[in-house]
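Worksheet: the structure to be examined is printed underneath.
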Amino acid sequence: MPRALSTIWRVTEGHRVRYTMAWAALIASAAVLYAVPLVTLATLDGVLIDGGSKASHLSTQIVDWMGGPQFVRDHLWVPGVLLVIITAIAGVFTHLRTRLASGAAESVARRLRDRLYDHLQRLHCRTLDLKQSGDLLQRCTSDVETLRTFLSGQLIEIGRALVMLLAPIPLMLALDWRMTVASVVIVPLIVGFSWMYFRRMRPIFQLKEQEEGKMTTTITENLAGIRVVRAFARQEFEREKFAATSGEFRRQDMDLFKLFARFWATSDLLCFLQTIVAVGTGLWLLASDRLSIGTFFWFITAIGMFLWPVRMLGRILADLGKALVAIDRVREILDTPDEFAGEPETVPTLGTGGARIEFKHVTFGFTDATPVLNDVSFSIEPGTTLGIVGPSGSGKSTIVHLLLRLYEYSGESLRGSILIDGQELKTIPRRTMRGMIGTVMQQPFLYSKTLKENILISAAGHRNDESAMQSAAAVASVHNSIEEFPLKYETMVGERGITLSGGQRQRVAIARSLVQDPRILVLDDAFSAVDTHTEADILQSFRARDAHHTTIIVAHRLSTLMHADRIIVLDHGRITQSGTHEELLAQPGMYRTLWDIQTSLDDPDELPDGAAAVAAL
Amino acid sequence: MASSHLDDDFKGRFDPRVWRKLLSYLRSCRGAVVRIAIGGAAIAIIEALLPILVGQLLDEAHQNGFAGNLLPLASIYIVLFILFASCVWLFIRAAGDVATGVGYALRRDCFKKLQELSFSYFDARPVGWLTSRLTSDCGRISGTLPWVILDLVWGSLMILGTSVAMLYINPRLAGYVFWTVPLLIVASLMMQRLMLHSGRQARRTNSAMTASFNEELLGVRTTKALVREEKNLAEFQQLSTQMNTWMLRNAVQNAVYLPMIMTIAAAAAGLALWKGGALAGQDMTPGRLVAFLQFATLFAQPIQELSQRFADVLNASTAAERVVSLLETKPEIEDGPGVIAAMERQRVSPRPGAAIDGGSPRIRELRFEGVTFWYKPNVTVLRDFDLVVHEGQTVALVGATGGGKSTIVSLVARFYEPREGRILFDGVEYRDRSLHWLQSNLGVIQQVPHLFSGTIRDNIRYGKLDATDAEVESAARRVNAHGFVCELEKGYNFDVGECGEKLSTGQRQLIALARAVLRDPQIFIMDEATSSVDTSTERLIQGGIEEVLRDRIAFVIAHRLSTIRRADIILVIDGGRVVERGTHRQLLALRGRYFELYTNQYAVEREAQLFGAPSELTESSSPA
């Protein structure tokens with residue numbers, strides 16, 4: 001609880017004044033609202049009833065202020081108009097209260113969302129891997145919403161209940177202390193009852209939510225597996241299965257309704273009890289002339305005004321727990337360290353032309369037990385190309401991730417060093433490093449934007465450089481495909497747009513990296529969905545461009561890397577072979593075997609067939 | 001959330017036709033509806049009577065003191081209160097009956113409808129979107145209905161009761177107060193419309209923001225690699241500012257509405273005081289004056305409530321439109337009238353040994369005649385396709401993606417129907433047979449095996465609901481699944497988790513095979529996965545497939561060499577046409593497309609072998 005409160009304090013920074021003013025308006029509106037029935041009280045007592053003979057001191061004063069009993073009697077529109085004006089003033093304060101509180105809450109929510117968005121993209125990859133995206137999403141959306149509702153709704157409601165209850169007390173005491181006691185004696189019972197009731201209802205709420213979750217799972221599974229359901233003709237079975245969970249949910253829901261019915265009925269009875277006590281006391285005092293009618297009327301009206309917020313108080317207090325939990329969850333994300341901590345905000349660029357990359361005895365693993373890279377050493381001269389080949393899990397992509405500093409290589413997890421142009425990678429700010437590297441991954445991610453925006457996404461000043469975009473697309477052999485789309489480069493990708501095939505995505509991502517024109521280009525299995533002919537064309541165009549880049553190609557297909565200046569074979573985290581294509585072919589080993597498999601030439605009689613082949617495989 | 005563009009079809013206006021259809025659901029909980037009405041009416045009447053009572057009590061006490069006459073009045077007062085509380089209890093419970101009952105019925109009918117709809121419907125709508133229709137839309141509708149009924153009854157009676165009471169006390173005075181009513185109504189309707197609009201815009205922006213967060217999480221590595229953090233944030237801030245604007249506008253509108261209502265109500269009270277006060281001392285006793293003053297302000301409440309309720313109905317309108325549209329969708333593929341009649345005949349006077357539609361229960365021959373198919377009008381996926389398959393034969397379909405292979409298989413299963421041409425079972429057009437009969441004789445294995453939450457045994461039993469444990473185990477043994485199941489802690493009682501997530505892909509594949517084998521279908525359809533599975537499981541799966549393909553008509557979209565080689569008929573499909581047809585040896589000799597595909601796959605499989613088992617615990621998650 002205290003942590004949640006300190007989070008609220010942190011998060012409302014800059015808006016606290018507005019919020020305090022909202023509370024002031026709340027108090028003001030309450031005070032004015034209670035003044036409204038005073039006018040009626042005064043008019044009734046001082047003028048209308050029994051000729052004003054039984055008016056209290058207060059009533060007489062108010063009537064005099066309005067112009068004296070005679071004047072008022074002849075101009076009864078005066079109190080009438082006064083009622084409207086005072087209510088309007090109270091209305092203005094109420095308006096201000098809502099406006100200020102909501103304004104503050106909305107601003108807080110907006111800033112919080114912005115901060116969460118920004119923070120999420122700066123978190124370490126490792127942190128993100130370990131968290132569930134659904135959970136993170138919920139914290140950024142519904143938990144923030146809960147906080148917002150708390151600030152603009154619940155907190156204000158609590159305030160309103162307290163103010164409406166406490167504000168009139170001085171006035172009440174001034175009017176009649178006995179009626180005061182009679183008017184509030186049951187209130188603690190009302191609040192306590194609703195608070196306790198809602199506490200007890202909480203587990204039932206949770207049960208209902210659980211059942212709803214189960215029902216949702218049943219629906220989702222059925223819809224996701226609709227082909228299985230049809231193919232096995234299990235519609236009837238599924239309907240029965242659904243009827244069971246739907247029925248259970250219905251039962252839980254109904255249980256809640258029953259509880260609510262009991263709550264509201266009892267709460268009503270308690271409120272009536274309060275009213276009866278007050279009315280009874282009032283009538284008794286009235287009958288013995290110890291209370292004026294106007295005052296009686298005022299007390300009845302006042303009770304009517306504070307009973308409703310007081311009834312809600314218990315419920316809000318009980319729901320408070322939920323809001324505090326949500327606030328805590330938001331705080332958790334904000335408190336997770338981001339990966340740019342300690343690095344400069346602006347991104348200095350580092351050099352031009354191809355870079356020199358060196359890995360020296362690098363050993364790295366996510367856990368100490370199984371290192372993904374084991375004593376890996378290699379160097380790449382500026383402007384040259386390195387090819388990396390090996391089975392999945394051998395550590396190929398990890399090399400790429402380390403270069404991008406997506407994973408942290410300090411501490412126990414890494415030994416050895418990585419040098420870029422002679423400078424230790426650790427000392428280069430992440431964003432500088434990433435600015436130097438262009439990556440194309442096997443399953444590239446494209447933003448939900450147009451193809452043009454996606455391809456030109458890295459071009460800082462050249463948003464509309466159509467020629468650069470088209471020439472990059474041509475080199476990536478995707479220009480023709482794009483030209484065939486109805487909207488060509490303006491075609492949207494993603495949810496609201498088309499879904500590209502695997503090969504098309506890879507080629508668009510390749511075009512993207514060409515526009516980026518980085519010092520280091522990394523192609524991590526970037527041609528896996530592209531057929532060999534297209535791949536050869538693209539690589540050819542790459543080579544035709546100037547050689548001011550250092551390139552790393554990771555691939556399965558040897559045809560992709562055979563023209564590299566140097567090739568290393570990675571197996572279980574170790575470099576087992578290294579050399580040029582020709583050198584590797586000359587040695588016995590995985591490279592040559594792979595080459596043989598991939599280029600096995602076509603003599604059908606040589607191909608294994610029949611039973612022997614089945615056994616061989 | 002992410003598929004909000006699907007909602008662009010729905011207008012969100014108040015459509016009486018839509019709500020009328022939903023109101024028909026109220027008929028099944030008539031009793032509860034009546035109880036709500038009674039409860040609401042009673043509450044309205046009591047609320048209208050109470051000020052009169054207070055007035056009378058006041059007069060009594062004022063004139064006659066705290067004497068005996070007070071007691072009967074006081075007891076009526078107390079009785080009314082107790083009645084009030086009982087009515088509250090009554091109508092909330094009745095509201096619960098209506099809300100839960102209507103919700104249950106709506107969900108049931110939506111679910112049933114979804115079981116009947118054709119796949120083209122599902123192709124266009126993501127599972128998450130459809131699920132929301134059954135959960136949040138049905139919930140919204142069923143949640144709104146009872147309160148609408150209540151407020152309609154209560155509100156109109158309150159207004160009526162208050163008006164009658166005021167007219168009774170003093171008609172002329174009542175006339176003055178009635179002037180404020182149109183003001184209240186106009187103010188309410190005007191403000192509600194504004195708040196509705198801003199509320200909708202806020203919700204729309206909210207969906208966009210959620211989608212934005214979602215995309216951020218998916219593409220975070222790309223964002224880091226491209227150093228796009230700042231630009232992404234700037235784009236997001238546009239959305240969050242927009243949200244802020246709409247929410248603020250909505251709040252301000254609310255902040256204007258309440259004071260407006262308050263002031264109009266005060267005007268009513270002011271009028272009552274002025275005009276009523278003038279009559280004081282005549283036949284307007286203090287008690288009656290006080291009662292009148294209370295009545296004058298009592299109008300505002302029901303009008304406010306009713307306008308709020310109307311806004312709720314409008315808010316729920318989009319939900320209502322979507323649900324009604326789902327309930328009214330007709331399935332594209334269903335049994336024709338002839339089939340329905342035949343099924344009825346068979347049911348009434350069953351011919352022994354016949355299927356449920358009276359036809360032959362066995363499938364000896366399956367024939368495609370000139371079948372053409374397209375998903376979308378200009379994109380023909382299958383052209384003039386011919387094929388004859390006999391009992392016991394396996395057909396392997398190979399070729400590049402999108403060539404039409406899965407279409408052929410979907411047509412066999414009658415998930416879709418041919419646009420041109422016919423499909424015949426033993427010479428009978430399959431559209432003249434019962435859909436249920438065909439699908440009862442199918443076994444299907446998809447690329448990505450789908451399991452349901454529950455035990456392994458439950459999942460296998462999906463193939464035959466009344467299978468004994470022994471039958472389940474025997475099916476598992478036949479497909480080499482028994483081994484790994486026994487190694488699990490709870491064996492066949494192992495809970496596979498949602499969609500089978502607790503098992504590996506290979507294990508799920510084996511369970512799916514066991515399920516299919518238990519079913520012992522006449523037609524077997526399989527779409528082989530190309531996902532990586534470790535070599536030993538791969539071997540088990542191959543053995544399982546061999547078992548399943550035996551002795552029935554089988555269509556396999558094949559990737560594995562072992563499957564392809566074994567087939568009786570191999571079809572190479574490209575661009576919707578059969579480009580090569582024959583047995584493995586015949587096709588190899590052609591040195592054509594098949595040859596190319598075969599040698600390619602051969603290389604892939606040998607390479608996989610060379611690299612050994614891909615471990616399940618490779619370096620983390622998929623790259624950006």
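Every chain in the structure tokens takes a letter, A first, then B, and so on in the order presented; its residues are numbered from 1, and the ligands are numbered from 1 following the presented order.
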
| said: Which of stretch 489-571 of chain A end up as helix (DSSP H, G or I) when DSSP is run on this backbone - answer as a VMD selection string? | reply: chain A and resid 489 to 490 502 to 516 532 to 544 558 to 561

Deliver the residues from the most recent selection as a file, using C-alpha atoms, as a PDB file, in the first residue's frame.
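Saved result, again.pdb, follows:
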```pdb
ATOM      1  CA  TYR A 489       4.609   1.246 -53.128  1.00  0.00           C
ATOM      2  CA  GLU A 490       1.694   2.802 -51.295  1.00  0.00           C
ATOM      3  CA  GLY A 502       7.999 -15.086 -46.739  1.00  0.00           C
ATOM      4  CA  GLY A 503      10.195 -14.428 -49.731  1.00  0.00           C
ATOM      5  CA  GLN A 504       8.641 -11.043 -50.391  1.00  0.00           C
ATOM      6  CA  ARG A 505       9.183  -9.974 -46.799  1.00  0.00           C
ATOM      7  CA  GLN A 506      12.807 -10.938 -46.932  1.00  0.00           C
ATOM      8  CA  ARG A 507      13.351  -9.030 -50.139  1.00  0.00           C
ATOM      9  CA  VAL A 508      11.626  -5.943 -48.788  1.00  0.00           C
ATOM     10  CA  ALA A 509      13.814  -6.143 -45.702  1.00  0.00           C
ATOM     11  CA  ILE A 510      16.867  -6.449 -47.935  1.00  0.00           C
ATOM     12  CA  ALA A 511      15.767  -3.341 -49.821  1.00  0.00           C
ATOM     13  CA  ARG A 512      15.345  -1.615 -46.476  1.00  0.00           C
ATOM     14  CA  SER A 513      18.891  -2.387 -45.464  1.00  0.00           C
ATOM     15  CA  LEU A 514      20.214  -1.259 -48.839  1.00  0.00           C
ATOM     16  CA  VAL A 515      18.653   2.136 -48.332  1.00  0.00           C
ATOM     17  CA  GLN A 516      20.162   2.234 -44.877  1.00  0.00           C
ATOM     18  CA  THR A 532      18.276 -19.720 -55.659  1.00  0.00           C
ATOM     19  CA  HIS A 533      17.999 -17.814 -58.911  1.00  0.00           C
ATOM     20  CA  THR A 534      16.700 -14.665 -57.280  1.00  0.00           C
ATOM     21  CA  GLU A 535      19.242 -15.065 -54.535  1.00  0.00           C
ATOM     22  CA  ALA A 536      22.070 -15.215 -57.026  1.00  0.00           C
ATOM     23  CA  ASP A 537      20.778 -12.075 -58.742  1.00  0.00           C
ATOM     24  CA  ILE A 538      20.611 -10.161 -55.514  1.00  0.00           C
ATOM     25  CA  LEU A 539      24.075 -11.224 -54.414  1.00  0.00           C
ATOM     26  CA  GLN A 540      25.396 -10.283 -57.804  1.00  0.00           C
ATOM     27  CA  SER A 541      23.960  -6.779 -57.473  1.00  0.00           C
ATOM     28  CA  PHE A 542      25.429  -6.545 -53.984  1.00  0.00           C
ATOM     29  CA  ARG A 543      28.855  -7.281 -55.279  1.00  0.00           C
ATOM     30  CA  ALA A 544      28.411  -4.738 -58.015  1.00  0.00           C
ATOM     31  CA  LEU A 558      26.336 -22.788 -49.529  1.00  0.00           C
ATOM     32  CA  SER A 559      25.463 -21.148 -52.828  1.00  0.00           C
ATOM     33  CA  THR A 560      24.715 -18.042 -50.789  1.00  0.00           C
ATOM     34  CA  LEU A 561      28.146 -17.809 -49.243  1.00  0.00           C
TER      35      LEU A 561
END
```

Closest pair table for stretch 143-236 of chain B residues within 9 Å of stretch 128-135 of chain A, only C-alpha atoms, as a Markdown table:
```
| residue | atom | partner | partner_atom | distance |
| --- | --- | --- | --- | --- |
| B:Asn214 | CA | A:Ser133 | CA | 8.0 |
| B:Leu217 | CA | A:Ser133 | CA | 6.8 |
| B:Leu218 | CA | A:Ser133 | CA | 8.5 |
```

Residues from the last selection, all heavy atoms, saved as a PDB file, in the first residue's frame:
```
ATOM      1  N   ASN B 214       0.975  -3.428 -29.020  1.00  0.00           N
ATOM      2  CA  ASN B 214       1.172  -4.797 -29.473  1.00  0.00           C
ATOM      3  C   ASN B 214       2.266  -4.865 -30.532  1.00  0.00           C
ATOM      4  O   ASN B 214       3.174  -5.693 -30.475  1.00  0.00           O
ATOM      5  CB  ASN B 214      -0.149  -5.309 -30.053  1.00  0.00           C
ATOM      6  CG  ASN B 214      -0.226  -6.803 -29.968  1.00  0.00           C
ATOM      7  OD1 ASN B 214       0.424  -7.415 -29.131  1.00  0.00           O
ATOM      8  ND2 ASN B 214      -0.985  -7.401 -30.855  1.00  0.00           N
ATOM      9  N   LEU B 217       5.730  -4.432 -29.131  1.00  0.00           N
ATOM     10  CA  LEU B 217       6.310  -5.608 -28.506  1.00  0.00           C
ATOM     11  C   LEU B 217       6.783  -6.617 -29.543  1.00  0.00           C
ATOM     12  O   LEU B 217       7.806  -7.259 -29.384  1.00  0.00           O
ATOM     13  CB  LEU B 217       5.283  -6.253 -27.566  1.00  0.00           C
ATOM     14  CG  LEU B 217       5.029  -5.459 -26.284  1.00  0.00           C
ATOM     15  CD1 LEU B 217       3.866  -6.039 -25.522  1.00  0.00           C
ATOM     16  CD2 LEU B 217       6.281  -5.458 -25.412  1.00  0.00           C
ATOM     17  N   LEU B 218       6.026  -6.732 -30.644  1.00  0.00           N
ATOM     18  CA  LEU B 218       6.417  -7.690 -31.665  1.00  0.00           C
ATOM     19  C   LEU B 218       7.705  -7.278 -32.359  1.00  0.00           C
ATOM     20  O   LEU B 218       8.529  -8.109 -32.699  1.00  0.00           O
ATOM     21  CB  LEU B 218       5.305  -7.803 -32.723  1.00  0.00           C
ATOM     22  CG  LEU B 218       4.071  -8.610 -32.336  1.00  0.00           C
ATOM     23  CD1 LEU B 218       3.030  -8.486 -33.425  1.00  0.00           C
ATOM     24  CD2 LEU B 218       4.443 -10.055 -32.125  1.00  0.00           C
TER      25      LEU B 218
END
```

| task | With a distance cut-off of 9 Å and only C-alpha atoms, select the neighbouring residues of stretch 412-423 of chain B, excluding the residue or stretch itself and same-chain residues fewer than 4 positions from it, and output the selection as a PyMOL selection string. | result | (chain A and resi 227+230-231) or (chain B and resi 118-120+332-333+366-374+384-385+407-408+427-431+435+438-439+442+444+523+525+555)

Output N, CA, C and O atoms of each residue in that selection to a file, as a compact mmCIF listing (two decimals), in the first residue's frame.
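Ended up saving to part16.txt:
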```txt
# COMPACT_ATOMS: atom_id res chain seq x y z
N ARG A 227 -11.64 -26.72 -37.93
CA ARG A 227 -11.49 -27.74 -38.96
C ARG A 227 -11.48 -29.14 -38.37
O ARG A 227 -12.04 -30.07 -38.95
N ARG A 230 -15.12 -29.98 -37.38
CA ARG A 230 -15.93 -30.39 -38.53
C ARG A 230 -15.49 -31.74 -39.04
O ARG A 230 -16.31 -32.60 -39.34
N ALA A 231 -14.15 -31.88 -39.17
CA ALA A 231 -13.65 -33.11 -39.78
C ALA A 231 -14.02 -34.33 -38.96
O ALA A 231 -14.20 -35.40 -39.49
N SER B 118 -19.70 -21.91 -42.85
CA SER B 118 -18.65 -22.43 -43.72
C SER B 118 -17.32 -21.76 -43.43
O SER B 118 -17.27 -20.71 -42.82
N PHE B 119 -16.27 -22.36 -43.89
CA PHE B 119 -14.94 -21.88 -43.58
C PHE B 119 -14.62 -20.52 -44.18
O PHE B 119 -13.77 -19.82 -43.69
N SER B 120 -15.31 -20.19 -45.28
CA SER B 120 -15.04 -18.87 -45.86
C SER B 120 -15.32 -17.79 -44.82
O SER B 120 -14.66 -16.76 -44.80
N GLU B 332 -22.85 -21.35 -46.08
CA GLU B 332 -22.79 -21.56 -47.52
C GLU B 332 -22.97 -23.03 -47.90
O GLU B 332 -23.46 -23.35 -48.96
N ILE B 333 -22.47 -23.88 -47.02
CA ILE B 333 -22.53 -25.30 -47.35
C ILE B 333 -23.45 -26.00 -46.36
O ILE B 333 -23.17 -26.03 -45.18
N LEU B 366 -13.85 -42.57 -55.30
CA LEU B 366 -14.01 -41.13 -55.22
C LEU B 366 -13.58 -40.55 -56.56
O LEU B 366 -12.51 -40.88 -57.06
N ARG B 367 -14.41 -39.71 -57.12
CA ARG B 367 -14.10 -39.21 -58.45
C ARG B 367 -14.27 -37.70 -58.53
O ARG B 367 -15.27 -37.15 -58.12
N PHE B 368 -13.24 -37.04 -59.08
CA PHE B 368 -13.33 -35.61 -59.39
C PHE B 368 -13.61 -35.50 -60.88
O PHE B 368 -12.90 -36.11 -61.69
N GLU B 369 -14.65 -34.72 -61.26
CA GLU B 369 -14.93 -34.54 -62.69
C GLU B 369 -14.91 -33.06 -63.05
O GLU B 369 -15.82 -32.32 -62.71
N GLY B 370 -13.88 -32.64 -63.75
CA GLY B 370 -13.83 -31.26 -64.25
C GLY B 370 -14.00 -30.21 -63.16
O GLY B 370 -14.66 -29.20 -63.37
N VAL B 371 -13.38 -30.46 -62.03
CA VAL B 371 -13.61 -29.55 -60.90
C VAL B 371 -12.77 -28.28 -61.03
O VAL B 371 -11.58 -28.31 -61.25
N THR B 372 -13.46 -27.16 -60.91
CA THR B 372 -12.79 -25.85 -60.92
C THR B 372 -13.17 -25.13 -59.64
O THR B 372 -14.32 -25.22 -59.20
N PHE B 373 -12.22 -24.40 -59.06
CA PHE B 373 -12.53 -23.71 -57.82
C PHE B 373 -11.77 -22.40 -57.70
O PHE B 373 -10.62 -22.29 -58.13
N TRP B 374 -12.40 -21.41 -57.12
CA TRP B 374 -11.72 -20.17 -56.77
C TRP B 374 -12.20 -19.68 -55.42
O TRP B 374 -13.33 -19.85 -55.05
N ASP B 384 -10.29 -27.39 -63.85
CA ASP B 384 -10.64 -28.57 -64.64
C ASP B 384 -9.92 -29.83 -64.15
O ASP B 384 -9.24 -30.52 -64.91
N PHE B 385 -10.11 -30.11 -62.89
CA PHE B 385 -9.33 -31.17 -62.26
C PHE B 385 -10.07 -32.51 -62.34
O PHE B 385 -11.26 -32.58 -62.04
N THR B 407 -6.48 -26.96 -51.56
CA THR B 407 -7.83 -26.79 -52.08
C THR B 407 -8.45 -28.14 -52.40
O THR B 407 -9.59 -28.42 -52.07
N ILE B 408 -7.67 -28.99 -53.07
CA ILE B 408 -8.18 -30.31 -53.44
C ILE B 408 -8.65 -31.04 -52.20
O ILE B 408 -9.74 -31.61 -52.15
N GLY B 427 -20.23 -42.80 -57.70
CA GLY B 427 -21.16 -42.38 -58.73
C GLY B 427 -22.24 -41.42 -58.27
O GLY B 427 -23.00 -40.91 -59.08
N VAL B 428 -22.31 -41.15 -56.97
CA VAL B 428 -23.35 -40.22 -56.50
C VAL B 428 -22.69 -38.87 -56.21
O VAL B 428 -21.69 -38.80 -55.50
N GLU B 429 -23.25 -37.81 -56.80
CA GLU B 429 -22.78 -36.45 -56.54
C GLU B 429 -22.74 -36.23 -55.03
O GLU B 429 -23.74 -36.43 -54.34
N TYR B 430 -21.61 -35.77 -54.54
CA TYR B 430 -21.51 -35.75 -53.07
C TYR B 430 -22.36 -34.67 -52.41
O TYR B 430 -22.61 -34.71 -51.22
N ARG B 431 -22.85 -33.75 -53.22
CA ARG B 431 -23.77 -32.77 -52.64
C ARG B 431 -25.15 -33.37 -52.41
O ARG B 431 -26.00 -32.80 -51.74
N LEU B 435 -24.01 -34.06 -45.39
CA LEU B 435 -22.73 -33.46 -44.99
C LEU B 435 -22.19 -34.15 -43.75
O LEU B 435 -21.01 -34.47 -43.64
N LEU B 438 -20.63 -37.56 -44.52
CA LEU B 438 -19.29 -37.47 -45.08
C LEU B 438 -18.27 -37.14 -44.02
O LEU B 438 -17.24 -37.79 -43.89
N GLN B 439 -18.60 -36.11 -43.22
CA GLN B 439 -17.60 -35.67 -42.26
C GLN B 439 -17.43 -36.64 -41.12
O GLN B 439 -16.40 -36.65 -40.45
N LEU B 442 -14.51 -38.99 -42.11
CA LEU B 442 -13.24 -38.36 -42.41
C LEU B 442 -12.29 -38.43 -41.24
O LEU B 442 -12.72 -38.36 -40.09
N VAL B 444 -8.78 -36.28 -40.25
CA VAL B 444 -7.97 -35.17 -40.75
C VAL B 444 -6.77 -34.92 -39.85
O VAL B 444 -6.90 -34.90 -38.64
N ILE B 523 -12.05 -42.03 -45.31
CA ILE B 523 -11.20 -41.13 -46.08
C ILE B 523 -10.27 -40.42 -45.11
O ILE B 523 -10.72 -39.91 -44.09
N ILE B 525 -7.28 -37.52 -44.60
CA ILE B 525 -6.68 -36.35 -45.23
C ILE B 525 -5.56 -35.86 -44.35
O ILE B 525 -5.73 -35.71 -43.15
N PHE B 555 -5.61 -38.87 -48.85
CA PHE B 555 -5.04 -37.74 -49.59
C PHE B 555 -3.99 -37.12 -48.70
O PHE B 555 -4.28 -36.71 -47.59
```

| said: List the spatial neighbours of A:Ala4 as a PyMOL selection string - criterion: any atom at most 8 Å away, only C-alpha atoms, same-chain residues fewer than 5 positions off excluded. | reply: chain A and resi 324-325+327-328

| field | Near-stretch 231-240 of chain B list (8 Å; only C-alpha atoms; drop same-chain fewer than 3 positions) as a PyMOL selection string | value | (chain A and resi 110+113-114+117-118) or (chain B and resi 205+208-209+212+228+243-244)

| message | Give me, as a ChimeraX atom specification, all polymer residues having an atom no more than 12 Å from B:Ile92, counting only C-alpha atoms and skipping those fewer than 3 positions away in the same chain. | response | /A:254-265 /B:32-33,35-40,85-89,95-100,146-147,149-150
